[in-house]
file data.txt (compact mmCIF, C-alpha atoms)
# COMPACT_ATOMS: atom_id res chain seq x y z
CA MET A 1 -1.27 -13.28 85.43
CA SER A 2 0.09 -15.86 83.15
CA LYS A 3 3.50 -17.16 83.90
CA VAL A 4 6.17 -16.64 81.31
CA ARG A 5 7.46 -19.97 80.20
CA LEU A 6 11.11 -20.21 79.38
CA PRO A 7 11.94 -22.67 76.66
CA LYS A 8 13.74 -25.71 77.86
CA SER A 9 16.39 -25.85 75.20
CA SER A 10 19.15 -23.25 75.27
CA PRO A 11 18.55 -20.38 72.86
CA THR A 12 20.73 -20.42 69.78
CA ILE A 13 21.83 -17.25 68.09
CA ASP A 14 22.24 -17.36 64.37
CA MET A 15 25.78 -16.24 63.84
CA THR A 16 25.73 -16.37 60.07
CA PRO A 17 25.41 -12.61 59.43
CA MET A 18 28.17 -11.92 61.91
CA VAL A 19 30.45 -14.41 60.25
CA ASP A 20 29.62 -12.92 56.88
CA THR A 21 30.56 -9.43 58.04
CA PHE A 22 33.76 -10.67 59.57
CA ALA A 23 34.68 -12.51 56.44
CA VAL A 24 34.19 -9.36 54.39
CA ILE A 25 36.31 -7.25 56.76
CA LEU A 26 38.98 -9.93 56.85
CA ILE A 27 39.20 -10.18 53.10
CA PHE A 28 39.34 -6.40 52.80
CA LEU A 29 42.15 -6.13 55.31
CA MET A 30 44.07 -8.97 53.72
CA LEU A 31 43.88 -7.40 50.30
CA THR A 32 44.78 -3.87 51.36
CA ALA A 33 47.45 -4.89 53.85
CA THR A 34 50.80 -3.36 53.23
CA MET A 35 52.92 -4.88 55.89
CA ALA A 36 54.76 -2.41 58.04
CA SER A 37 58.25 -3.68 57.38
CA PRO A 38 60.71 -3.32 60.22
CA GLU A 39 63.39 -0.74 59.51
CA PRO A 40 66.98 -1.29 60.62
CA ALA A 41 66.78 1.81 62.80
CA THR A 42 63.87 3.52 64.47
CA VAL A 43 63.23 6.86 62.91
CA ASP A 44 60.82 9.49 64.19
CA THR A 45 60.01 11.56 61.16
CA PRO A 46 59.36 15.26 61.70
CA PHE A 47 55.91 16.71 61.15
CA SER A 48 54.72 18.86 58.30
CA ILE A 49 51.45 20.02 56.77
CA SER A 50 52.12 18.36 53.44
CA GLU A 51 49.31 16.07 52.39
CA LYS A 52 50.99 14.51 49.40
CA PRO A 53 51.30 10.76 49.91
CA ILE A 54 54.48 8.90 49.22
CA PRO A 55 54.59 7.48 45.66
CA ASP A 56 53.75 3.81 45.14
CA ALA A 57 56.76 2.94 43.03
CA ASN A 58 59.81 4.43 41.37
CA PHE A 59 61.41 5.91 44.41
CA MET A 60 64.47 5.33 46.51
CA THR A 61 64.58 6.12 50.18
CA PHE A 62 67.54 7.28 52.20
CA LEU A 63 66.99 6.46 55.81
CA ILE A 64 69.12 8.54 58.14
CA SER A 65 69.23 7.29 61.70
CA THR A 66 70.02 9.28 64.83
CA ASP A 67 73.58 7.94 65.00
CA GLY A 68 74.29 9.30 61.50
CA LYS A 69 74.11 6.02 59.57
CA VAL A 70 72.62 6.11 56.11
CA PHE A 71 70.50 3.24 54.84
CA MET A 72 69.00 2.87 51.42
CA ASN A 73 65.97 1.21 49.96
CA PHE A 74 64.45 0.96 46.50
CA ASP A 75 60.67 1.00 46.08
CA ASN A 76 60.32 0.10 49.76
CA GLY A 77 60.44 -3.63 50.09
CA PRO A 78 59.12 -6.12 47.57
CA ASP A 79 60.03 -5.35 44.03
CA THR A 80 57.71 -4.09 41.36
CA LEU A 81 57.09 -5.83 38.05
CA PHE A 82 60.12 -4.28 36.44
CA GLN A 83 62.54 -5.93 38.85
CA PHE A 84 64.85 -2.99 39.26
CA ARG A 85 66.40 -4.14 42.50
CA PRO A 86 68.48 -7.11 41.22
CA LYS A 87 69.56 -5.04 38.21
CA ILE A 88 70.82 -2.27 40.44
CA LEU A 89 72.70 -4.75 42.59
CA ALA A 90 74.21 -6.45 39.55
CA GLU A 91 75.46 -3.08 38.27
CA MET A 92 76.92 -2.29 41.67
CA GLY A 93 78.58 -5.71 41.65
CA ASN A 94 80.16 -4.96 38.28
CA ARG A 95 81.48 -1.67 39.58
CA TYR A 96 83.05 -3.21 42.66
CA GLY A 97 84.13 -6.46 41.00
CA ILE A 98 81.74 -8.72 42.86
CA GLU A 99 79.87 -11.46 41.07
CA PHE A 100 76.48 -12.12 42.63
CA THR A 101 74.75 -15.46 42.26
CA ASP A 102 71.11 -15.72 41.25
CA ARG A 103 70.18 -16.69 44.76
CA GLN A 104 71.85 -13.60 46.17
CA LEU A 105 70.14 -11.38 43.64
CA ARG A 106 66.81 -12.91 44.55
CA GLU A 107 67.54 -12.40 48.21
CA PHE A 108 68.25 -8.73 47.52
CA GLN A 109 65.07 -8.45 45.50
CA THR A 110 62.86 -9.70 48.28
CA TYR A 111 64.62 -8.10 51.22
CA PRO A 112 61.79 -6.15 52.86
CA SER A 113 63.46 -3.12 54.40
CA SER A 114 66.30 -0.66 54.08
CA MET A 115 69.92 -1.74 53.98
CA GLY A 116 73.03 -0.01 55.13
CA VAL A 117 75.62 -2.55 54.07
CA ARG A 118 79.02 -1.86 52.57
CA MET A 119 79.58 -3.48 49.20
CA GLU A 120 82.42 -5.56 50.66
CA ASP A 121 79.96 -7.11 53.12
CA MET A 122 77.10 -7.48 50.68
CA THR A 123 77.74 -11.17 49.81
CA ALA A 124 78.00 -12.13 53.46
CA PHE A 125 74.88 -10.12 54.22
CA LEU A 126 72.83 -11.80 51.52
CA ASP A 127 74.11 -15.30 52.35
CA THR A 128 73.36 -15.28 56.02
CA GLN A 129 69.85 -15.78 57.34
CA ASP A 130 70.73 -14.91 60.91
CA ALA A 131 69.06 -11.66 61.96
CA ASN A 132 71.82 -10.75 64.44
CA ALA A 133 74.60 -11.31 61.94
CA ARG A 134 72.73 -9.14 59.49
CA LYS A 135 72.30 -6.42 62.05
CA GLU A 136 76.04 -6.42 62.70
CA LEU A 137 76.71 -5.86 59.02
CA GLN A 138 74.36 -2.88 58.83
CA VAL A 139 76.97 -0.23 59.46
CA GLY A 140 75.55 2.37 57.12
CA ILE A 141 76.50 3.04 53.51
CA PRO A 142 79.91 4.74 53.29
CA LEU A 143 79.62 8.28 51.96
CA ASP A 144 83.00 9.89 52.50
CA SER A 145 84.68 11.27 49.42
CA ALA A 146 87.29 8.47 49.26
CA ASN A 147 84.73 5.71 49.21
CA ASN A 148 81.45 7.21 48.17
CA GLN A 149 79.27 4.13 47.73
CA LEU A 150 76.08 6.10 48.27
CA ALA A 151 76.79 8.17 45.18
CA MET A 152 77.37 4.94 43.23
CA TRP A 153 74.07 3.49 44.43
CA ILE A 154 72.24 6.63 43.36
CA GLN A 155 73.97 6.69 40.01
CA TYR A 156 73.21 3.06 39.15
CA ALA A 157 69.66 3.30 40.49
CA ARG A 158 69.10 6.25 38.17
CA MET A 159 70.75 4.42 35.30
CA VAL A 160 68.57 1.33 35.73
CA ASN A 161 65.39 3.28 36.40
CA PRO A 162 65.51 6.80 34.97
CA ASN A 163 62.20 7.72 36.62
CA ILE A 164 63.42 7.05 40.11
CA GLN A 165 62.70 9.74 42.65
CA ALA A 166 64.71 10.43 45.77
CA CYS A 167 63.08 10.50 49.20
CA ILE A 168 64.80 11.31 52.44
CA LYS A 169 63.54 9.87 55.68
CA GLY A 170 65.41 11.27 58.61
CA ASP A 171 64.98 11.33 62.34
CA SER A 172 64.18 14.76 63.78
CA ASP A 173 67.29 14.59 65.93
CA VAL A 174 69.79 13.81 63.19
CA GLU A 175 72.70 16.23 63.19
CA PHE A 176 72.37 18.44 60.17
CA PRO A 177 75.85 17.85 58.64
CA VAL A 178 74.90 14.23 57.84
CA VAL A 179 71.78 15.38 56.02
CA GLN A 180 73.81 18.10 54.34
CA ARG A 181 76.27 15.47 53.13
CA VAL A 182 73.48 13.40 51.59
CA LEU A 183 71.95 16.52 50.04
CA ASN A 184 75.31 17.49 48.58
CA ILE A 185 75.83 14.05 47.08
CA LEU A 186 72.40 14.28 45.50
CA GLN A 187 73.08 17.77 44.21
CA ASP A 188 76.42 16.71 42.76
CA LEU A 189 74.63 13.97 40.85
CA ASN A 190 72.16 16.50 39.49
CA VAL A 191 69.26 15.32 41.60
CA LYS A 192 67.68 18.61 42.51
CA ARG A 193 64.12 17.64 43.21
CA PHE A 194 63.45 15.30 46.01
CA SER A 195 61.00 14.62 48.78
CA LEU A 196 61.30 14.63 52.52
CA ILE A 197 59.19 12.01 54.26
CA THR A 198 57.19 13.50 57.10
CA SER A 199 54.20 12.76 59.26
CA LEU A 200 51.09 14.81 58.89
CA ALA A 201 50.32 17.53 61.41
CA ALA A 202 47.40 19.88 61.12
CA VAL A 203 48.08 23.58 61.43
CA LYS A 204 45.47 26.26 61.34
CA ILE A 205 46.27 29.90 60.93
CA ASN A 206 43.89 32.63 61.74
CA LEU A 207 44.59 35.52 59.46
CA GLU A 208 42.72 38.05 61.61
CA GLU A 209 44.79 37.19 64.63
CA ILE A 210 48.01 37.80 62.78
CA GLN A 211 47.01 41.22 61.58
CA GLN A 212 46.40 42.66 65.01
CA MET B 1 25.91 -19.51 53.97
CA ALA B 2 26.83 -21.82 56.74
CA GLN B 3 23.50 -23.46 57.16
CA ILE B 4 22.82 -26.36 54.96
CA ILE B 5 19.24 -26.45 53.93
CA GLN B 6 18.31 -29.76 52.58
CA SER B 7 15.74 -29.76 49.91
CA GLY B 8 12.50 -31.23 50.94
CA LYS B 9 11.05 -34.00 48.89
CA LYS B 10 13.65 -35.30 46.58
CA GLY B 11 12.93 -38.56 45.04
CA GLY B 12 9.98 -38.88 47.32
CA LYS B 13 11.46 -41.76 49.23
CA LYS B 14 13.72 -39.93 51.65
CA ARG B 15 12.09 -38.18 54.50
CA ALA B 16 12.93 -34.55 54.90
CA LYS B 17 14.55 -33.64 58.12
CA ARG B 18 12.37 -31.54 60.33
CA ILE B 19 15.15 -29.76 62.19
CA LEU B 20 17.81 -27.87 60.35
CA PRO B 21 21.28 -29.04 61.24
CA HIS B 22 23.13 -26.44 63.27
CA MET B 23 26.80 -25.80 63.04
CA ASP B 24 28.64 -24.42 65.98
CA MET B 25 30.34 -21.40 64.51
CA THR B 26 32.00 -20.08 67.63
CA PRO B 27 35.51 -21.41 66.84
CA MET B 28 35.29 -19.98 63.34
CA VAL B 29 34.24 -16.59 64.66
CA ASP B 30 37.05 -16.70 67.20
CA LEU B 31 39.59 -17.42 64.53
CA MET B 32 38.27 -14.67 62.31
CA MET B 33 38.37 -12.17 65.15
CA LEU B 34 41.97 -13.13 65.76
CA LEU B 35 42.91 -12.69 62.12
CA ILE B 36 41.10 -9.37 61.88
CA THR B 37 42.87 -8.09 64.97
CA PHE B 38 46.21 -9.23 63.57
CA PHE B 39 45.67 -7.53 60.24
CA MET B 40 44.35 -4.37 61.81
CA LEU B 41 47.43 -4.09 63.97
CA THR B 42 49.99 -4.85 61.30
CA THR B 43 48.45 -2.80 58.52
CA SER B 44 49.88 0.64 58.14
CA MET B 45 46.80 2.37 56.87
CA SER B 46 48.06 5.91 56.59
CA LYS B 47 50.85 6.25 54.13
CA PRO B 48 53.63 8.58 55.12
CA LYS B 49 53.48 12.00 53.53
CA VAL B 50 56.19 13.64 51.52
CA MET B 51 57.23 17.24 51.19
CA ASP B 52 58.82 18.21 47.91
CA ILE B 53 61.82 20.46 47.80
CA THR B 54 63.98 21.71 44.99
CA LEU B 55 67.57 22.74 45.53
CA PRO B 56 69.58 25.08 43.34
CA ASP B 57 72.72 24.03 41.51
CA ARG B 58 75.66 23.62 43.78
CA VAL B 59 78.70 25.66 42.91
CA THR B 60 81.74 23.84 44.17
CA ASP B 61 84.31 26.17 42.67
CA PRO B 62 84.98 28.87 45.28
CA GLU B 63 86.02 31.30 42.52
CA LYS B 64 82.56 31.26 41.02
CA GLN B 65 80.69 31.51 44.28
CA GLU B 66 78.91 34.78 44.70
CA ALA B 67 76.04 36.16 46.64
CA PRO B 68 72.71 35.74 44.88
CA ARG B 69 71.71 38.90 43.02
CA ILE B 70 68.41 39.67 44.63
CA SER B 71 67.08 42.86 46.09
CA ALA B 72 68.26 43.24 49.66
CA SER B 73 65.03 44.84 50.84
CA ARG B 74 63.05 41.68 50.15
CA THR B 75 65.67 39.26 51.38
CA LEU B 76 65.21 37.51 54.68
CA ASN B 77 67.94 35.23 55.95
CA ILE B 78 66.97 32.51 58.34
CA LEU B 79 69.76 30.75 60.19
CA LEU B 80 69.12 27.51 62.02
CA GLY B 81 71.21 27.50 65.15
CA PRO B 82 72.14 24.96 67.82
CA ASP B 83 69.61 23.72 70.44
CA ASN B 84 66.56 24.28 68.19
CA ARG B 85 67.21 28.00 68.08
CA VAL B 86 66.55 30.04 65.01
CA PHE B 87 67.99 33.41 64.06
CA TRP B 88 67.26 35.82 61.28
CA TYR B 89 68.45 39.02 59.71
CA PRO B 90 67.11 41.03 56.82
CA GLY B 91 69.04 41.98 53.69
CA GLY B 92 72.62 40.97 53.13
CA VAL B 93 76.02 41.52 54.69
CA LYS B 94 78.38 43.80 52.80
CA PRO B 95 81.96 42.58 52.31
CA GLU B 96 83.36 45.38 54.49
CA GLU B 97 81.14 44.21 57.35
CA TYR B 98 82.38 40.60 57.30
CA ASP B 99 84.65 41.08 60.29
CA ASN B 100 82.08 42.96 62.26
CA PRO B 101 78.76 41.52 61.08
CA PRO B 102 75.41 42.96 62.13
CA PRO B 103 73.74 41.25 65.09
CA LEU B 104 71.15 38.54 64.55
CA MET B 105 67.60 38.64 65.77
CA GLU B 106 66.36 35.54 67.54
CA THR B 107 62.96 33.95 67.13
CA ASP B 108 61.47 30.50 67.69
CA PHE B 109 59.34 27.88 65.97
CA SER B 110 56.15 28.80 67.81
CA PRO B 111 53.23 30.40 65.92
CA ASP B 112 54.12 33.75 67.48
CA GLY B 113 57.72 33.48 66.41
CA ILE B 114 58.82 32.69 62.91
CA ARG B 115 55.31 32.33 61.51
CA GLN B 116 54.30 35.83 62.59
CA LEU B 117 57.54 37.16 61.16
CA LEU B 118 56.97 35.51 57.80
CA LEU B 119 53.27 36.28 57.55
CA GLU B 120 53.82 39.96 58.28
CA ARG B 121 56.12 40.16 55.29
CA ASN B 122 54.05 37.89 53.12
CA ARG B 123 50.65 39.34 53.99
CA THR B 124 49.56 40.35 50.50
CA LEU B 125 50.31 37.05 48.85
CA PHE B 126 48.96 35.05 51.76
CA ARG B 127 45.69 36.95 51.61
CA THR B 128 45.42 36.56 47.84
CA ILE B 129 45.90 32.81 48.11
CA ASN B 130 43.41 32.52 50.95
CA GLU B 131 40.78 34.56 49.14
CA TYR B 132 41.25 32.43 46.05
CA ARG B 133 40.85 29.28 48.08
CA ASP B 134 37.74 30.65 49.78
CA ARG B 135 36.17 31.47 46.46
CA VAL B 136 36.84 27.92 45.30
CA ILE B 137 35.23 26.57 48.46
CA ARG B 138 32.20 28.85 48.02
CA GLY B 139 31.87 27.63 44.46
CA GLU B 140 32.52 30.97 42.75
CA ILE B 141 35.42 29.48 40.88
CA ARG B 142 34.97 26.00 39.53
CA ILE B 143 38.29 24.27 39.45
CA SER B 144 39.54 20.78 40.21
CA GLN B 145 41.79 20.06 43.16
CA ASP B 146 44.79 19.49 40.91
CA SER B 147 44.35 22.72 39.03
CA LEU B 148 43.90 24.53 42.35
CA GLN B 149 47.47 23.68 43.26
CA GLY B 150 48.57 24.89 39.86
CA ALA B 151 46.57 28.10 40.22
CA ILE B 152 48.14 28.76 43.62
CA ARG B 153 51.57 28.14 42.13
CA GLU B 154 50.72 30.65 39.43
CA LEU B 155 49.67 33.21 42.06
CA LYS B 156 52.99 32.63 43.79
CA ASN B 157 54.88 33.04 40.53
CA ILE B 158 53.44 36.43 39.68
CA ASP B 159 53.88 37.75 43.21
CA ASP B 160 56.57 40.37 43.58
CA THR B 161 55.98 41.70 47.10
CA GLY B 162 56.66 38.74 49.34
CA PRO B 163 60.00 38.06 50.93
CA ILE B 164 62.79 36.02 49.39
CA VAL B 165 63.83 33.66 52.12
CA LEU B 166 67.29 32.14 52.27
CA ILE B 167 67.53 29.26 54.68
CA LYS B 168 70.91 28.39 56.09
CA ALA B 169 71.80 25.75 58.60
CA TYR B 170 74.56 26.05 61.16
CA LYS B 171 76.47 22.82 61.68
CA GLU B 172 74.86 22.10 65.04
CA ALA B 173 71.31 22.38 63.75
CA ASN B 174 69.28 19.22 63.37
CA TYR B 175 67.16 17.74 60.62
CA GLY B 176 63.91 18.39 62.48
CA ASN B 177 64.59 22.15 62.39
CA PHE B 178 65.24 21.95 58.67
CA VAL B 179 61.89 20.27 58.01
CA ASP B 180 60.15 22.65 60.42
CA ILE B 181 61.41 25.71 58.63
CA LEU B 182 60.49 24.35 55.20
CA ASP B 183 57.09 23.53 56.61
CA GLU B 184 56.70 27.12 57.83
CA MET B 185 57.41 28.27 54.28
CA ASN B 186 54.53 26.12 53.04
CA ILE B 187 52.23 27.23 55.84
CA CYS B 188 52.90 30.91 55.20
CA GLY B 189 52.70 30.49 51.44
CA ILE B 190 56.14 31.93 50.81
CA ALA B 191 56.63 32.06 47.06
CA ARG B 192 60.41 32.25 46.94
CA TYR B 193 62.63 30.38 49.31
CA THR B 194 65.67 28.26 48.95
CA PHE B 195 68.18 26.41 51.01
CA VAL B 196 71.75 27.60 50.63
CA ASP B 197 75.06 26.76 52.24
CA ILE B 198 75.94 28.90 55.20
CA ALA B 199 78.72 31.44 54.66
CA TRP B 200 81.66 31.66 57.07
CA TYR B 201 80.68 35.08 58.38
CA GLU B 202 77.17 33.83 59.01
CA GLU B 203 78.55 30.94 61.02
CA ARG B 204 80.36 33.50 63.11
CA MET B 205 77.20 35.54 63.48
CA VAL B 206 75.37 32.50 64.83
CA GLU B 207 78.24 31.73 67.18
CA ILE B 208 78.29 35.27 68.51
CA ALA B 209 74.52 35.38 68.84
CA SER B 210 74.21 32.07 70.63
CA ASN B 211 77.12 32.83 72.96
CA ILE B 212 75.77 36.20 73.89
CA SER B 213 72.29 34.94 74.48
CA ALA B 214 73.62 31.94 76.35
CA SER B 215 75.68 34.07 78.74
CA SER B 216 72.87 36.56 79.29
CA ALA B 217 70.44 33.75 80.00
CA TYR B 218 72.47 32.46 82.93

call {"tool": "encode", "arguments": {"input": "data.txt", "output": "structure tokens"}}
result
Amino acid sequence: MSKVRLPKSSPTIDMTPMVDTFAVILIFLMLTATMASPEPATVDTPFSISEKPIPDANFMTFLISTDGKVFMNFDNGPDTLFQFRPKILAEMGNRYGIEFTDRQLREFQTYPSSMGVRMEDMTAFLDTQDANARKELQVGIPLDSANNQLAMWIQYARMVNPNIQACIKGDSDVEFPVVQRVLNILQDLNVKRFSLITSLAAVKINLEEIQQ
Amino acid sequence: MAQIIQSGKKGGKKRAKRILPHMDMTPMVDLMMLLITFFMLTTSMSKPKVMDITLPDRVTDPEKQEAPRISASRTLNILLGPDNRVFWYPGGVKPEEYDNPPPLMETDFSPDGIRQLLLERNRTLFRTINEYRDRVIRGEIRISQDSLQGAIRELKNIDDTGPIVLIKAYKEANYGNFVDILDEMNICGIARYTFVDIAWYEERMVEIASNISASSAY
């Protein structure tokens, strides 16, 4: 029996193919990444069977949190080419007599998640960089009939971008009157078609079983 | 890619290296692994889904408010109650019955509850849609996915046997119930449904029903 000779030098593995694969995966992930932006309130969306994905652009989201606050977002995070966000804010500023600086408009344009800030606090909100201070200012958009800022937001958003579509993202446990209020505001502004954001759940029905 | 292969006899003077130079790629691989893990965790791959809904015009003037003129035999009222409960009654309530409204039936969101109720009433349409879909799957009808939705909508439009569902929410209902019930409408292929404001006598009906059931449950 011949003795198996082990080579003296340590074996080297050629890692080139592995690195190549990794590089490809990494580039793919980097290009397709849409960062999950942190929302001001955690929302567990209800489930439905709808398979229609959320549109890429031209939509505004109303985020309704469990404590009944309403937040709003346009095109979810970073702005599209048309730069609707600063225009909407400028219009809102005109309406409420607030002059926004370019820096503030840019800040609003790049703000990555929903906002629930009153117009009175908007300048302070855009000026500060402190996350806690910002959180304190997120009290929800006022929507009572005396000071219906939500309706104004919707109106100006629709004026600036006529193709905008309304989406509602609510927590399953939200009390219905809050949702009803938002729905009524939308209906009053002649927005009759809108989308409810849900998570996908598969449901299978057996027709035979039902007919027994 | 990462190995540098030096060309052999260039110029003739220089001696070609016998051994290829090796690069230690472990740190690079480590870093890449780290980045891949980071991106995989932060990427939200599945986009959230949306469910479309259309609401009717809202009549704010109480003078002009009137019950929808639809045939009572096909009407099914679904009332979302407190504590995830759901009630229903068929037809409408006549004005003389407002003070003493008919009792509500209770059901739940399980497949045996509301879904059974809706499918029983919507059997013909549901079967037509399913058969159509089956024929598309078997290849008997050649149609694109987009036109399939349109064709199903058309089937729903011409249907005149299924129920007309009016969804109403009591003030203690929650948003999850609302989405659930709309989802049931899509699952059962209900052609005609809408969400309307709850009437005062219906609020009372829910109150009576939930009180009675609550006291009998204890």

call {"tool": "atom_distance", "arguments": {"input": "data.txt", "atom1": "atom CA of B:Tyr175", "atom2": "atom CA of B:Gln149"}}
result
26.9 Å

call {"tool": "atom_distance", "arguments": {"input": "data.txt", "atom1": "atom CA of B:His22", "atom2": "atom CA of A:Met15"}}
result
10.6 Å

call {"tool": "atom_distance", "arguments": {"input": "data.txt", "atom1": "atom CA of B:Leu31", "atom2": "atom CA of B:Ile19"}}
result
27.5 Å

call {"tool": "interface_residues", "arguments": {"input": "data.txt", "of": "chain B", "to": "chain A", "cutoff": "7 Å", "atoms": "all atoms listed in the file", "output": "PyMOL selection string"}}
result
chain B and resi 1-2+25+29+32+36+39+42-44+47-58+116+171-176+179-180+183

call {"tool": "residues_around", "arguments": {"input": "data.txt", "residues": "stretch 87-95 of chain B", "least_positions_apart": "5", "cutoff": "7 Å", "atoms": "only C-alpha atoms", "output": "mmCIF file with C-alpha atoms, keeping the file's coordinate frame"}}
result
data_model
loop_
_atom_site.group_PDB
_atom_site.id
_atom_site.type_symbol
_atom_site.label_atom_id
_atom_site.label_comp_id
_atom_site.auth_asym_id
_atom_site.auth_seq_id
_atom_site.Cartn_x
_atom_site.Cartn_y
_atom_site.Cartn_z
ATOM 1 C CA ALA B 72 68.260 43.240 49.660
ATOM 2 C CA SER B 73 65.030 44.840 50.840
ATOM 3 C CA ARG B 74 63.050 41.680 50.150
ATOM 4 C CA THR B 75 65.670 39.260 51.380
ATOM 5 C CA LEU B 76 65.210 37.510 54.680
ATOM 6 C CA ASN B 77 67.940 35.230 55.950
ATOM 7 C CA ILE B 78 66.970 32.510 58.340
ATOM 8 C CA LEU B 79 69.760 30.750 60.190
ATOM 9 C CA LEU B 80 69.120 27.510 62.020
ATOM 10 C CA GLY B 81 71.210 27.500 65.150
ATOM 11 C CA PRO B 101 78.760 41.520 61.080
ATOM 12 C CA LEU B 104 71.150 38.540 64.550
ATOM 13 C CA MET B 105 67.600 38.640 65.770
ATOM 14 C CA GLU B 106 66.360 35.540 67.540
ATOM 15 C CA THR B 107 62.960 33.950 67.130
#

call {"tool": "axis_aligned_box", "arguments": {"input": "data.txt", "around": "stretch 44-63 of chain A", "padding_each_side": "3 Å", "output": "JSON"}}
result
{"center_x": 58.4, "center_y": 11.5, "center_z": 52.8, "size_x": 24.2, "size_y": 23.1, "size_z": 28.8}

call {"tool": "closest_residue", "arguments": {"input": "data.txt", "among": "A:Phe84, A:Phe59, A:Phe71, A:Tyr96", "to": "A:Met152", "atoms": "only C-alpha atoms"}}
result
A:Tyr96
